Each structure stands twice: as structure tokens, then as C-alpha cells.
Amino acid sequence: MSAKHSDTNRDEQPLSSWKEIGSYLQRNEATARRWEREEGLPVHRHPHKIRSSVYAYPGEIDSWRASRKVVPEPAPARPLWKIPAFALTLALCLVMVGNGLRPQRVEAQGTAPVARQVWAQVSYGPVSADGRYAPYADWEAGGVGIHDLLTGTDRIVATGEVGEIISISPDNRQVVYLHFDEKQRGYRLRIVDLRGADQKPRDLTRDQGRASGWATLSGWTPDGKQVLVVKRAEDGIWKIEMISVADGTARVVKSLKWGGAEASMSPDGRFIAYSTPAEGQPNARDIFVLATDGSRESAVVQHAANDYQPVWTPDGSRILFLSDRTGGRSLWTAPVKDGKAAGPLEMVKANFDGNLLGMGRNGILYYEVSGDERQNVYRAELNADGKVTKPPVVATDGFVNANRGGAISPDGQSIVYYSYRPQPTVVVRNLKTGEERAVPTTMPIRSVYFQGPRWFPDGRSVLVVSHGNDRPGDIHYRVDVVTGRAEELRRGVPAPAGNAFFLGIPAPVGNAFFFHERDAQGARLVRRDAETERSAEITSVTKESYITEFSVSPDGKQIAYTVNSLSDPEHQTRYIAIIPAMGGEPREVHHHSKDLGSSSRFNALEWSPDQKYLLFVEEERGGSSAIWRVPAAGGEAEKIGVTMKAEIKMPLIHPDGKSIFFTAVESDNNEVWALENFLPSSALRGGK
């Protein structure tokens with residue numbers, strides 16, 4: 001598992017889930033996952049709290065889609081499964097669960113292959129060389145931790161900052177990690193010694209300046225004196241580097257013109273195995289072995305398929321890797337000797353559902369399996385005081401766990417939402433009869449941050465964000481919910497080339513709509529007249545700040561918005577402000593400040609129908625979210641009684657004030673699994 005970030009895209013609003021990524025591609029979630037693992041779809045992982053989320057930038061996806069080249073599937077090589085007894089034994093160890101092949105815990109019998117769960121959490125880097133420890137990040141307290149897979153205990157080894165990618169030294173005495181520096185807006189390489197008490201991390205980023213926009217840790221030399229790092233330089237060239245643990249000096253081993261690499265250090269420290277795209281074929285990776293001194297290099301796996309995530313066996317005689325050459329993702333092995341290919345490739349395991357985390361000296365392969373995600377529109381009853389006392393219930397019947405939105409029509413008779421069937425579909429539900437009707441739209445819908453469509457005041461049309469196939473950029477459409485007819489309202493240009501805009505909200509009165517856009521200069525709220533096609537800025541913030549949410553008052557005269565500010569070098573400041581819809585001086589109604597690195601944030605913002613309150617959502621410890629309200633005139637904020645172990649979006653109160661609708665996104669933890677007894681004993685020599 002790796003976390004990938006691109007500073008060139010930091011001003012572009014990311015797609016924040018597998019469903020959003022699939023929606024942007026006009027495919028379902030399963031297809032998006034398959035393209036990521038088989039065709040190099042640029043998906044990033046940003047671990048936080050107790051799970052690992054994914055995100056992707058539309059600009060990167062547009063570039064990937066433009067260069068995507070579908071290649072014919074080659075005939076598969078002769079796999080190990082041809083041996084009947086071996087095939088039957090492993091087949092009995094695996095069962096189909098959910099959307100993919102998931103290994104189940106079984107007891108080992110003799111030398112039969114065994115797949116088992118070893119940790120119901122997300123690992124923030126490779127498992128230690130002896131297979132005992134897995135690194136993790138404590139996003140609540142802000143710290144780097146190590147989980148003992150044998151005893152099940154946790155230990156915090158560095159406090160005050162979070163490591164997004166973490167690697168443990170071969171002797172388990174040091175930990176190196178990548179930390180995102182909020183002040184300098186870049187990554188820093190940090191190291192902490194585990195021996196002795198009160199050890200403090202030290203910086204291995206020698207220039208003390210902005211680190212690369214994308215970087216990952218790929219291993220250590222056996223003596224623990226150097227760390228293998230892959231990063232992208234500002235000129236766009238990717239580099240495989242060796243970083244000295246003593247003083248942070250960097251030595252470039254290889255520069256890669258055609259794309260980033262996934263690298264792995266051989267057990268003896270003599271070679272680096274890495275995968276990288278072939279020239280002109282960004283979605284077909286090959287695997288090479290490079291001497292750590294850069295003196296020689298050899299191709300080990302060259303094929304029209306996508307071959308990636310190389311991992312060495314304990315004795316260095318084989319390289320394990322993932323490949324799509326049989327149609328789905330499977331686990332393969334390539335024999336090597338003295339840095340060169342040494343025999344035919346063999347398939348070890350078909351339909352492999354995981355990302356490789358490394359192989360320990362104990363001969364066990366560790367990998368990570370992604371958890372499932374569920375999103376539903378909920379409804380909760382409100383008392384006379386506007387509080388919730390009964391548990392919320394799911395408000396939609398069809399396609400449970402695949403719905404988001406729940407915007408209430410102006411007459412209060414219906415809600416409109418997105419339903420993944422499996423493609424994103426606009427659905428209107430009558431609140432009295434429960435009748436649901438899918439709107440016959442044809443454009444590719446983009447749902448940002450689990451938001452849904454929004455009603456225009458006519459009660460017949462909704463505002464939908466889409467993206468174009470003829471050229472990149474988001475598009476705002478007005479869609480008739482009866483006929484499905486779509487009218488283009490505005491087209492944007494993706495950042496950083498221009499501006500990127502996301503959530504759009506129609507004015508409750510008239511024919512205007514509001515949207516949020518951002519470019520290199522900062523973020524703005526904009527009002528656009530749909531008839532004259534003229535736009536006017538309402539307010540803006542500097543590039544050190546982000547407008548994260550906004551909401552239009554029911555009478556259309558005021559805009560409330562939330563800002564996350566990084567202008568203070570020591571704290572993150574979040575506040576909610578109100579400004580006249582035609583522009584003017586903003587008025588702050590709620591303020592919140594925490595130390596840098598705090599994961600707390602405001603996730604939603606909506607007006608109450610009587611305009612007395614602003615509803616917002618704040619994250620809490622343990623991955624929960626709560627709906628709060630604050631008086632629009634200013635005052636103390638208070639919870640309304642809805643707290644869920646989920647991300648909550650669009651908390652909208654019905655016009656009669658008797659109920660509230662919201663979207664809740666619940667995610668299962670990623671899990672660490674182990675595969676044992678799947679290689680011949682000759683591949684483990686010297687590793688015990």
C-alpha cells in the first residue's frame with residue numbers, strides 16, 4: 001500500500017471514493033478498482049484514522065484515459081495450478097465473499113497453502129523483515145506506531161506528527177517515515193531510533209525545503225544504513241534514490257522518463273527490482289532488476305500485460321509480482337539469478353485480491369485487502385426543539401448501500417438522489433407513496449464528496465455536475481427530472497491549467513446558481529445567471545485557505561460557507577461565515593482552531609428551513625461524525641443527536657421541520673492478510 005500525492009494537482013478537487021472515481025469514468029466501482037490494479041489508473045491512497053481511503057484527481061484520470069491503450073490479452077503461461085492436488089488444496093482454502101475473492105481463515109494441514117487474516121487494520125507500509133511488525137499511523141493523537149502481529153499490542157514510536165508511509169529497518173531498531181509538512185506544503189523524510197527512551201525523530205530531508213510532490217519508501221539495505229526511495233522531481237522526472245540514514249545525502253540510482261516506479265530491495269542489498277511503464281505504454285508496466293550501484297540493469301518481465309508490485313523472496317531467487325495477463329489480477333513469480341531472469345514465469349495464485357506488503361524472512365507473503373464501503377440516505381425524526389431522539393433509518397429501498405444525496409424538493413413531496421445501478425443514476429422518490437423513478441439521463445454524472453443533485457426552484461429540474469468526453473473539465477447541467485433533458489449551464493477548465501469547480505447549488509428564487517471554484521490564486525464563491533451567462537464573484541480566500549462547503553439560505557439572500565485556513569503557521573483554523581448573496585462583508589458565526597495535524601474538519605453545511613440555524617458535520621474520534629447546529633445570528637454550537645461511525649453529508653431538514661435527511665458513508669477497515677506454504681522450500685533457503 002502506498003500513499004501518493006501530486007502537488008501539481010493540489011488545487012484540483014479530488015474524487016474521494018471508488019464510487020466517485022467509477023462515476024467519473026462512467027463505470028462501476030468494481031471496474032475502477034480493476035483498472036487501477038490492471039491498467040495503472042492513477043488512484044492515490046490517503047490513510048487516515050482507522051481506515052485507508054482512496055482519491056483521484058480528474059486531471060490525472062483525463063490524461064490516463066487519453067493515453068490508455070487496450071491491448072489484446074495474451075495466452076496465459078502454464079500455471080502451477082495444473083498440478084491437480086495443489087490446485088484442489090488451495091481452492092479449498094478460498095471462498096467467494098462480497099465483490100471479490102476473499103481468503104478465509106483456515107488451519108494449515110501439512111504443507112498446504114494457507115491464507116489467513118493477521119490484522120483487521122490498515123498497514124501504512126511494508127511488514128517488517130522478520131514478519132512480526134506492521135506500521136500504522138495514529139491520526140487522532142498524531143503519531144507513528146508499530147503493531148506487533150504476534151502479541152497484538154501497539155506501540156507509539158514518534159509523537160506529534162503522522163507518517164503517511166512508514167518503513168521498519170531490517171533489525172527492527174529504526175523507523176523511517178514520510179510526513180506531510182503542513183507549513184511548507186511538502187513531504188519530509190523523518191527517522192526515529194527505537195533504542196532507548198524518549199527518542200526524537202530527526203529530519204533526513206537535507207535541503208529543508210519543499211519535498212517532492214509524490215514519494216514512497218521502498219525498503220532498506222540489509223545493514224540499515226540506506227533507505228530506498230522513489231520520488232518525482234519538480235521537472236517531472238522520476239528518480240530511484242538511496243538515502244543515507246547517517247546524514248540524509250541522496251544518491252540517484254536511476255532516472256525514469258516514462259513514469260513512476262514501484263521498487264523493492266533484494267535481501268542481500270545488491271539489487272533493486274522495480275516496475276515502470278514502457279515507453280508510450282503508460283498502462284503496461286514491465287519489471288527490471290537494477291544493481292544498487294547503478295552499474296547494470298536487466299529486464300526480468302517484459303510483456304504487453306501490466307506487471308507490477310515486485311517483491312523479493314527471502315533468498316533472493318525469485319521476484320513475486322502482480323499481473324493482469326490472464327484477464328484478472330493474479331500473483332506470479334519470476335526466477336532470477338545474479339540480477340537476471342533465470343527461468344520461465346509461473347502463476348502462483350489466480351484472482352489475487354490484495355496489494356503486496358512484502359515477504360518476511362519467515363517465508364510468509366503479507367498483503368492488504370481493501371474494506372467495503374456503504375453509502376445510504378437516512379431519515380431521522382426531529383422533536384419540537386429540533387433534536388433527534390430516535391435512531392435514523394434508511395430512507396431508500398432500492399440499491400441499498402449505493403445511494404447518496406437526499407435533496408428535498410421545494411414542495412417537500414420528494415427527494416432526489418444519486419443511485420449506483422451500477423452507473424450513477426438520478427432517482428426521484430415520492431416521500432408519501434415511496435414510489436421511486438429513475439431519470440433517463442445520458443451524461444456521465446460526477447458526485448463530489450458524496451454530494452447529490454440539487455433542486456431548482458421550479459421543482460421539476462435539478463443541478464447535476466458532470467464531465468465532458470470531448471474535452472476535459474467539469475460541466476454543470478440542468479436536468480429535467482421528467483424527461484431527462486439536460487441543458488449545459490457552464491463548463492470549467494481543470495486545474496492547474498485553469499479553474500476547477502465542484503459543488504453547485506441553485507438559487508431558491510430566480511434562475512441563478514452558485515458554485516465554488518479554485519485555482520492557483522485561491523478559492524472563490526461565484527454566482528452565475530443562467531439566462532445571461534454572466535458570473536460574479538461573491539467572496540474569495542487566499543491560496544493558503546480552502547472554502548470547503550457552502551449553502552444558500554432558503555430565501556436566497558445569504559450564503560454560508562466554511563473555510564479551512566493554514567495561514568497560521570502553528571494551527572489550522574476552521575470557521576463558518578455568512579455573506580450577502582450579492583456580495584459584501586462576511587460575518588463569522590463559528591470558529592474552531594487546532595494544532596496542525598488534527599484530523600477534525602467540517603464536512604457539511606446546510607441552513608435550517610427557518611434560517612435560524614446552520615447545520616454542520618464534524619468528525620470525531622474513532623471515525624465517527626456528528627451533526628451540529630449553530631445559531632445563524634452567532635452563539636454556541638450544539639449537537640442535534642445524530643452521531644454515526646461514518647462520514648455524514650448533506651444534512652437537510654424537511655420544510656415542515658419534522659425530519660432530517662442525510663447521507664452516511666460507512667467503511668470497513670482494510671485488513672492485512674498472510675499467504676503461507678505457497679512456494680517450494682528452495683525459495684526460502686537462507687531466509688529462516
# chains A, B, ... in the order shown; residues from 1 in each chain; ligands from 1
call {"tool": "residues_around", "arguments": {"residues": "Thr389 of chain A", "least_positions_apart": "4", "cutoff": "10 Å", "atoms": "only C-alpha atoms", "output": "list in words"}}
result
Ala380, Glu381, Leu382, Asn383, Ile640, Gly641 and Val642 of chain A
call {"tool": "residues_around", "arguments": {"residues": "Val369 of chain A", "least_positions_apart": "2", "cutoff": "7 Å", "atoms": "only C-alpha atoms", "output": "ChimeraX atom specification"}}
result
/A:353-355,367,371,670-672
call {"tool": "residues_around", "arguments": {"residues": "Leu322 of chain A", "least_positions_apart": "2", "cutoff": "7 Å", "atoms": "only C-alpha atoms", "output": "ChimeraX atom specification"}}
result
/A:307-309,329-332
call {"tool": "write_last_selection", "arguments": {"atoms": "N, CA, C and O atoms", "output": "PDB file, in the first residue's frame"}}
result
ATOM      1  N   ASP A 307       2.462  -5.602 -15.391  1.00  0.00           N
ATOM      2  CA  ASP A 307       3.162  -6.374 -14.366  1.00  0.00           C
ATOM      3  C   ASP A 307       3.735  -5.394 -13.341  1.00  0.00           C
ATOM      4  O   ASP A 307       4.511  -4.509 -13.715  1.00  0.00           O
ATOM      5  N   TYR A 308       3.406  -5.566 -12.069  1.00  0.00           N
ATOM      6  CA  TYR A 308       3.716  -4.517 -11.100  1.00  0.00           C
ATOM      7  C   TYR A 308       3.834  -5.086  -9.689  1.00  0.00           C
ATOM      8  O   TYR A 308       3.607  -6.262  -9.451  1.00  0.00           O
ATOM      9  N   GLN A 309       4.208  -4.212  -8.732  1.00  0.00           N
ATOM     10  CA  GLN A 309       4.406  -4.525  -7.311  1.00  0.00           C
ATOM     11  C   GLN A 309       5.389  -5.674  -7.092  1.00  0.00           C
ATOM     12  O   GLN A 309       5.048  -6.700  -6.496  1.00  0.00           O
ATOM     13  N   ARG A 329      -6.472  -9.909 -11.935  1.00  0.00           N
ATOM     14  CA  ARG A 329      -5.219  -9.764 -11.199  1.00  0.00           C
ATOM     15  C   ARG A 329      -4.832 -11.100 -10.576  1.00  0.00           C
ATOM     16  O   ARG A 329      -5.625 -11.719  -9.864  1.00  0.00           O
ATOM     17  N   SER A 330      -3.629 -11.567 -10.835  1.00  0.00           N
ATOM     18  CA  SER A 330      -3.114 -12.788 -10.233  1.00  0.00           C
ATOM     19  C   SER A 330      -1.682 -12.587  -9.772  1.00  0.00           C
ATOM     20  O   SER A 330      -1.019 -11.623 -10.143  1.00  0.00           O
ATOM     21  N   LEU A 331      -1.242 -13.503  -8.919  1.00  0.00           N
ATOM     22  CA  LEU A 331       0.090 -13.441  -8.324  1.00  0.00           C
ATOM     23  C   LEU A 331       1.025 -14.368  -9.101  1.00  0.00           C
ATOM     24  O   LEU A 331       0.714 -15.543  -9.304  1.00  0.00           O
ATOM     25  N   TRP A 332       2.167 -13.818  -9.529  1.00  0.00           N
ATOM     26  CA  TRP A 332       3.135 -14.561 -10.335  1.00  0.00           C
ATOM     27  C   TRP A 332       4.504 -14.525  -9.677  1.00  0.00           C
ATOM     28  O   TRP A 332       4.749 -13.727  -8.770  1.00  0.00           O
TER      29      TRP A 332
END
call {"tool": "residues_around", "arguments": {"residues": "Ile505 of chain A", "least_positions_apart": "3", "cutoff": "8 Å", "atoms": "only C-alpha atoms", "output": "ChimeraX atom specification"}}
result
/A:454,463,513-515,551-552
call {"tool": "write_last_selection", "arguments": {"atoms": "N, CA, C and O atoms", "output": "compact mmCIF listing (two decimals), in the first residue's frame"}}
result
# COMPACT_ATOMS: atom_id res chain seq x y z
N ARG A 454 -29.18 18.78 -6.82
CA ARG A 454 -29.88 19.85 -6.09
C ARG A 454 -31.03 20.37 -6.93
O ARG A 454 -30.92 20.54 -8.14
N LEU A 463 -29.83 20.40 -10.51
CA LEU A 463 -28.48 20.74 -10.93
C LEU A 463 -27.59 19.52 -10.73
O LEU A 463 -27.55 18.94 -9.65
N PHE A 513 -27.47 30.18 -10.22
CA PHE A 513 -26.92 29.12 -9.39
C PHE A 513 -25.55 29.55 -8.88
O PHE A 513 -24.91 30.44 -9.45
N PHE A 514 -25.13 28.95 -7.81
CA PHE A 514 -23.87 29.30 -7.15
C PHE A 514 -22.93 28.11 -7.24
O PHE A 514 -23.35 26.96 -7.24
N PHE A 515 -21.66 28.41 -7.31
CA PHE A 515 -20.67 27.33 -7.30
C PHE A 515 -19.38 27.82 -6.66
O PHE A 515 -19.16 29.02 -6.47
N SER A 551 -23.58 26.95 1.50
CA SER A 551 -25.01 26.69 1.45
C SER A 551 -25.76 28.00 1.24
O SER A 551 -25.36 29.04 1.78
N VAL A 552 -26.82 27.95 0.45
CA VAL A 552 -27.64 29.13 0.13
C VAL A 552 -28.85 29.15 1.06
O VAL A 552 -29.53 28.12 1.23
